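Next comes work_28.cif, a file with mmCIF, C-alpha atoms.
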```cif
data_coords
#
loop_
_atom_site.group_PDB
_atom_site.id
_atom_site.type_symbol
_atom_site.label_atom_id
_atom_site.label_comp_id
_atom_site.auth_asym_id
_atom_site.auth_seq_id
_atom_site.Cartn_x
_atom_site.Cartn_y
_atom_site.Cartn_z
ATOM 1 C CA MET A 1 -13.694 2.184 -26.658
ATOM 2 C CA ALA A 2 -14.099 -0.899 -24.472
ATOM 3 C CA LYS A 3 -10.600 -2.095 -25.332
ATOM 4 C CA THR A 4 -9.102 1.285 -24.399
ATOM 5 C CA ARG A 5 -10.986 1.247 -21.097
ATOM 6 C CA TRP A 6 -9.726 -2.280 -20.384
ATOM 7 C CA LEU A 7 -6.129 -1.303 -21.183
ATOM 8 C CA CYS A 8 -6.356 1.709 -18.853
ATOM 9 C CA HIS A 9 -7.796 -0.530 -16.149
ATOM 10 C CA LEU A 10 -4.999 -3.059 -16.665
ATOM 11 C CA LEU A 11 -2.401 -0.278 -16.545
ATOM 12 C CA LEU A 12 -3.837 0.983 -13.249
ATOM 13 C CA ARG A 13 -3.749 -2.561 -11.858
ATOM 14 C CA PHE A 14 -0.117 -2.937 -12.902
ATOM 15 C CA LEU A 15 0.813 0.437 -11.373
ATOM 16 C CA ALA A 16 -0.903 -0.549 -8.128
ATOM 17 C CA PHE A 17 1.005 -3.839 -8.112
ATOM 18 C CA ALA A 18 4.313 -2.048 -8.778
ATOM 19 C CA ALA A 19 3.669 0.575 -6.081
ATOM 20 C CA THR A 20 2.778 -1.971 -3.402
ATOM 21 C CA LEU A 21 5.701 -4.210 -4.327
ATOM 22 C CA SER A 22 8.162 -1.319 -4.213
ATOM 23 C CA ALA A 23 6.740 -0.131 -0.868
ATOM 24 C CA VAL A 24 7.260 -3.600 0.618
ATOM 25 C CA ILE A 25 10.785 -3.927 -0.745
ATOM 26 C CA MET A 26 11.825 -0.451 0.394
ATOM 27 C CA MET A 27 10.394 -0.859 3.892
ATOM 28 C CA ALA A 28 11.776 -4.376 4.350
ATOM 29 C CA THR A 29 15.268 -3.384 3.246
ATOM 30 C CA SER A 30 15.528 -0.120 5.185
ATOM 31 C CA HIS A 31 17.814 -0.467 8.196
ATOM 32 C CA ASP A 32 20.588 1.453 9.882
ATOM 33 C CA ARG A 33 22.881 0.938 12.858
ATOM 34 C CA THR A 34 24.096 3.563 15.307
ATOM 35 C CA THR A 35 25.860 3.813 18.635
ATOM 36 C CA ILE A 36 24.728 6.178 21.363
ATOM 37 C CA PHE A 37 26.770 6.315 24.584
ATOM 38 C CA THR A 38 28.378 2.901 23.944
ATOM 39 C CA VAL A 39 24.961 1.345 23.301
ATOM 40 C CA SER A 40 24.604 0.081 19.753
ATOM 41 C CA PHE A 41 21.228 -0.513 18.182
ATOM 42 C CA GLU A 42 19.876 -1.318 14.768
ATOM 43 C CA ALA A 43 16.768 0.365 13.415
ATOM 44 C CA LYS A 44 14.686 -1.840 11.148
ATOM 45 C CA TYR A 45 11.029 -2.232 10.297
ATOM 46 C CA THR A 46 10.562 -5.230 12.616
ATOM 47 C CA ASN A 47 11.136 -2.954 15.624
ATOM 48 C CA SER A 48 7.721 -1.341 15.104
ATOM 49 C CA PRO A 49 4.384 -3.188 15.075
ATOM 50 C CA ALA A 50 2.958 -0.497 12.768
ATOM 51 C CA PHE A 51 5.749 -1.016 10.231
ATOM 52 C CA LYS A 52 5.296 -4.804 10.473
ATOM 53 C CA TYR A 53 1.590 -4.306 9.817
ATOM 54 C CA PHE A 54 2.466 -2.105 6.828
ATOM 55 C CA VAL A 55 4.802 -4.736 5.334
ATOM 56 C CA ILE A 56 2.412 -7.652 5.930
ATOM 57 C CA ALA A 57 -0.642 -5.765 4.623
ATOM 58 C CA TYR A 58 1.149 -4.487 1.549
ATOM 59 C CA SER A 59 2.582 -7.963 0.888
ATOM 60 C CA VAL A 60 -0.919 -9.447 0.903
ATOM 61 C CA ILE A 61 -2.160 -6.636 -1.334
ATOM 62 C CA THR A 62 0.775 -7.189 -3.707
ATOM 63 C CA VAL A 63 -0.124 -10.871 -4.084
ATOM 64 C CA TYR A 64 -3.776 -9.951 -4.669
ATOM 65 C CA GLY A 65 -2.756 -7.353 -7.257
ATOM 66 C CA PHE A 66 -0.589 -9.898 -9.051
ATOM 67 C CA PHE A 67 -3.401 -12.461 -9.346
ATOM 68 C CA VAL A 68 -5.977 -9.903 -10.485
ATOM 69 C CA LEU A 69 -3.657 -8.910 -13.349
ATOM 70 C CA PHE A 70 -4.269 -12.327 -14.924
ATOM 71 C CA LEU A 71 -8.047 -12.396 -14.508
ATOM 72 C CA PRO A 72 -9.794 -12.563 -17.917
ATOM 73 C CA ALA A 73 -11.809 -9.499 -18.897
ATOM 74 C CA LYS A 74 -15.075 -11.440 -19.284
ATOM 75 C CA SER A 75 -14.746 -13.421 -16.034
ATOM 76 C CA LEU A 76 -17.637 -13.445 -13.588
ATOM 77 C CA LEU A 77 -15.092 -13.048 -10.783
ATOM 78 C CA TRP A 78 -14.937 -9.296 -11.436
ATOM 79 C CA GLN A 79 -17.991 -8.851 -9.211
ATOM 80 C CA LEU A 80 -15.978 -10.431 -6.401
ATOM 81 C CA VAL A 81 -13.044 -8.175 -7.300
ATOM 82 C CA VAL A 82 -15.214 -5.117 -6.523
ATOM 83 C CA ALA A 83 -15.732 -6.363 -2.967
ATOM 84 C CA LEU A 84 -12.076 -7.338 -2.618
ATOM 85 C CA ASP A 85 -10.988 -3.948 -3.969
ATOM 86 C CA LEU A 86 -13.009 -2.329 -1.198
ATOM 87 C CA VAL A 87 -11.456 -4.557 1.469
ATOM 88 C CA PHE A 88 -7.919 -4.073 0.189
ATOM 89 C CA THR A 89 -8.370 -0.319 -0.224
ATOM 90 C CA MET A 90 -9.377 -0.139 3.438
ATOM 91 C CA LEU A 91 -6.349 -2.286 4.323
ATOM 92 C CA VAL A 92 -4.066 0.048 2.337
ATOM 93 C CA VAL A 93 -5.464 3.113 4.095
ATOM 94 C CA SER A 94 -5.287 1.639 7.598
ATOM 95 C CA SER A 95 -1.763 0.230 7.306
ATOM 96 C CA LEU A 96 -0.438 3.396 5.683
ATOM 97 C CA SER A 97 -2.046 5.540 8.393
ATOM 98 C CA ALA A 98 -0.496 3.483 11.165
ATOM 99 C CA ALA A 99 2.937 3.557 9.534
ATOM 100 C CA ILE A 100 2.792 7.319 8.918
ATOM 101 C CA ALA A 101 1.848 7.928 12.553
ATOM 102 C CA ILE A 102 4.867 5.973 13.794
ATOM 103 C CA ALA A 103 7.120 7.603 11.202
ATOM 104 C CA GLN A 104 6.035 11.007 12.481
ATOM 105 C CA VAL A 105 6.956 10.027 16.030
ATOM 106 C CA GLY A 106 10.306 8.726 14.797
ATOM 107 C CA LYS A 107 11.004 11.945 12.928
ATOM 108 C CA LYS A 108 9.735 14.530 15.410
ATOM 109 C CA GLY A 109 9.509 12.602 18.682
ATOM 110 C CA ASN A 110 6.876 13.354 21.303
ATOM 111 C CA SER A 111 7.968 15.771 23.990
ATOM 112 C CA TYR A 112 4.881 15.098 26.124
ATOM 113 C CA ALA A 113 5.638 11.384 26.326
ATOM 114 C CA GLY A 114 9.393 11.910 26.528
ATOM 115 C CA TRP A 115 10.073 10.155 23.195
ATOM 116 C CA LEU A 116 13.074 11.514 21.380
ATOM 117 C CA PRO A 117 13.297 11.648 17.588
ATOM 118 C CA ILE A 118 15.523 8.936 16.124
ATOM 119 C CA CYS A 119 15.874 10.073 12.522
ATOM 120 C CA ASP A 120 18.921 12.194 13.325
ATOM 121 C CA SER A 121 20.662 9.054 14.615
ATOM 122 C CA VAL A 122 19.601 6.623 11.865
ATOM 123 C CA PRO A 123 19.079 8.710 8.700
ATOM 124 C CA LYS A 124 19.414 5.820 6.208
ATOM 125 C CA TYR A 125 16.621 3.952 7.959
ATOM 126 C CA CYS A 126 14.347 6.989 8.044
ATOM 127 C CA ASP A 127 15.026 7.810 4.405
ATOM 128 C CA GLY A 128 14.193 4.237 3.367
ATOM 129 C CA ALA A 129 11.013 4.253 5.440
ATOM 130 C CA THR A 130 10.026 7.618 3.963
ATOM 131 C CA ARG A 131 10.477 6.312 0.425
ATOM 132 C CA ALA A 132 8.378 3.255 1.305
ATOM 133 C CA LEU A 133 5.622 5.449 2.719
ATOM 134 C CA ILE A 134 5.633 7.605 -0.424
ATOM 135 C CA ALA A 135 5.249 4.472 -2.567
ATOM 136 C CA GLY A 136 2.505 3.341 -0.193
ATOM 137 C CA PHE A 137 0.727 6.661 -0.614
ATOM 138 C CA VAL A 138 0.896 6.324 -4.404
ATOM 139 C CA ALA A 139 -0.542 2.800 -4.071
ATOM 140 C CA MET A 140 -3.352 4.129 -1.882
ATOM 141 C CA ILE A 141 -4.334 6.752 -4.467
ATOM 142 C CA ILE A 142 -4.270 4.144 -7.241
ATOM 143 C CA TYR A 143 -6.380 1.708 -5.216
ATOM 144 C CA ILE A 144 -8.960 4.409 -4.515
ATOM 145 C CA ILE A 145 -9.136 5.166 -8.256
ATOM 146 C CA LEU A 146 -9.400 1.430 -9.003
ATOM 147 C CA LEU A 147 -12.184 1.041 -6.460
ATOM 148 C CA LEU A 148 -14.160 3.902 -7.975
ATOM 149 C CA HIS A 149 -13.575 2.532 -11.473
ATOM 150 C CA SER A 150 -14.623 -0.978 -10.419
ATOM 151 C CA ILE A 151 -17.782 0.307 -8.775
ATOM 152 C CA HIS A 152 -18.644 2.316 -11.868
ATOM 153 C CA THR A 153 -17.858 -0.515 -14.287
ATOM 154 C CA ILE A 154 -19.437 -3.457 -12.450
ATOM 155 C CA ILE A 155 -22.250 -2.027 -10.343
ATOM 156 C CA ASP A 156 -23.474 0.811 -12.570
ATOM 157 C CA PRO A 157 -24.784 -1.521 -15.323
ATOM 158 C CA LEU A 158 -26.687 -3.475 -12.665
ATOM 159 C CA LEU A 159 -28.474 -0.315 -11.554
ATOM 160 C CA LEU A 160 -29.367 0.721 -15.086
ATOM 161 C CA ARG A 161 -31.028 -2.569 -16.085
ATOM 162 C CA LYS A 162 -34.581 -2.253 -17.296
ATOM 163 C CA SER A 163 -37.016 -4.523 -15.488
#
```
Rewritten as structure tokens:
Amino acid sequence: MAKTRWLCHLLLRFLAFAATLSAVIMMATSHDRTTIFTVSFEAKYTNSPAFKYFVIAYSVITVYGFFVLFLPAKSLLWQLVVALDLVFTMLVVSSLSAAIAIAQVGKKGNSYAGWLPICDSVPKYCDGATRALIAGFVAMIIYIILLLHSIHTIIDPLLLRKS
């Protein structure tokens, strides 16, 4: 039973790593160029601070996820991993929220602020960003599950100890 639980945990960790890595790659490689009234511009993730935050945060989380994959099952560092899972889950949620908010403005615009939607002009960029945000959402769900599993696995036995 313990080996099956460990394999499921390792599979979740690998899926989280794959989701964050794919989100970073898709966001970093999404770009498109268009010309409007003789003015040419290129849409890329570096044009938006929220998308930069998304790429940087998910890059850090990807590196963390990679290193945790190689942590031995009996290591005492797993108690630290619970705290780091909490921190990185909050980082996933905050960076994804910021990126989704900007993506919504890019797709729909904001008539009150006079911001026009840009996705009609640069559809390849918007499609790439949308795919990255979907991968980011999958990563967020997996990290929430991992956090709950880590809390249950590491902290629950501490609460059930007999004094």
Give me the result of the PyMOL selection byres ((chain A and resi 144) around 10) on this file, residue by residue, as number ranges by chain. A: 85-86, 88-90, 92-93, 139-143, 145-150
Thr34 of chain A surroundings by all atoms listed in the file, 12 Å radius, close-in-sequence under 6 positions cut, as number ranges by chain: A: 40-44, 118-125
Would you kindly identify which residues have an atom no farther than 9 Å from (-8.7, -8.2, -7.2), using all atoms listed in the file and the file's own coordinates, and write them out as an mmCIF file with C-alpha atoms, in the frame of the given file?
```cif
data_model
loop_
_atom_site.group_PDB
_atom_site.id
_atom_site.type_symbol
_atom_site.label_atom_id
_atom_site.label_comp_id
_atom_site.auth_asym_id
_atom_site.auth_seq_id
_atom_site.Cartn_x
_atom_site.Cartn_y
_atom_site.Cartn_z
ATOM 1 C CA ARG A 13 -3.749 -2.561 -11.858
ATOM 2 C CA ILE A 61 -2.160 -6.636 -1.334
ATOM 3 C CA TYR A 64 -3.776 -9.951 -4.669
ATOM 4 C CA GLY A 65 -2.756 -7.353 -7.257
ATOM 5 C CA PHE A 66 -0.589 -9.898 -9.051
ATOM 6 C CA PHE A 67 -3.401 -12.461 -9.346
ATOM 7 C CA VAL A 68 -5.977 -9.903 -10.485
ATOM 8 C CA LEU A 69 -3.657 -8.910 -13.349
ATOM 9 C CA LEU A 71 -8.047 -12.396 -14.508
ATOM 10 C CA LEU A 77 -15.092 -13.048 -10.783
ATOM 11 C CA TRP A 78 -14.937 -9.296 -11.436
ATOM 12 C CA LEU A 80 -15.978 -10.431 -6.401
ATOM 13 C CA VAL A 81 -13.044 -8.175 -7.300
ATOM 14 C CA VAL A 82 -15.214 -5.117 -6.523
ATOM 15 C CA ALA A 83 -15.732 -6.363 -2.967
ATOM 16 C CA LEU A 84 -12.076 -7.338 -2.618
ATOM 17 C CA ASP A 85 -10.988 -3.948 -3.969
ATOM 18 C CA PHE A 88 -7.919 -4.073 0.189
#
```
Can you measure atom CA of Leu116 of chain A to atom CA of Asp32 of chain A for me? One decimal in Å is fine.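 That distance, rounded to one decimal, is 17.0 Å.
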Using the chain letters and numbers from this file, what does the PyMOL selection byres ((chain A and resi 98) around 12) select? Give the answer as a list in words. Ser48, Pro49, Ala50, Phe51, Lys52, Tyr53, Phe54, Val55, Ala57, Leu91, Val92, Val93, Ser94, Ser95, Leu96, Ser97, Ala99, Ile100, Ala101, Ile102, Ala103, Gln104, Val105, Leu133 and Gly136 of chain A
Atom CA of Leu7 of chain A and atom CA of Arg131 of chain A, how far apart in Å? 28.3 Å
Which value, in Å to one decimal, gives the distance between atom CA of Ile25 of chain A and atom CA of Cys8 of chain A? 25.6 Å
My list of candidates is A:Leu10, A:Val138, A:Ala129, A:Ala73. Which is closest to Ala28 of chain A when distances are computed with only C-alpha atoms?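 Comparing A:Leu10, A:Val138, A:Ala129, A:Ala73 against Ala28 of chain A, the winner is A:Ala129.
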Could you check which of A:Tyr45, A:Phe37, A:Trp6, A:Phe17 is closest to Gly128 of chain A, using all atoms listed in the file?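 Going through A:Tyr45, A:Phe37, A:Trp6, A:Phe17 one by one, the smallest distance to Gly128 of chain A is for A:Tyr45.
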Quick one: of A:Ala113, A:Phe14, A:Ser30, A:Thr130, who's nearest to Phe70 of chain A, counting only C-alpha atoms?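 Of the candidates, the smallest distance to Phe70 of chain A is held by A:Phe14.
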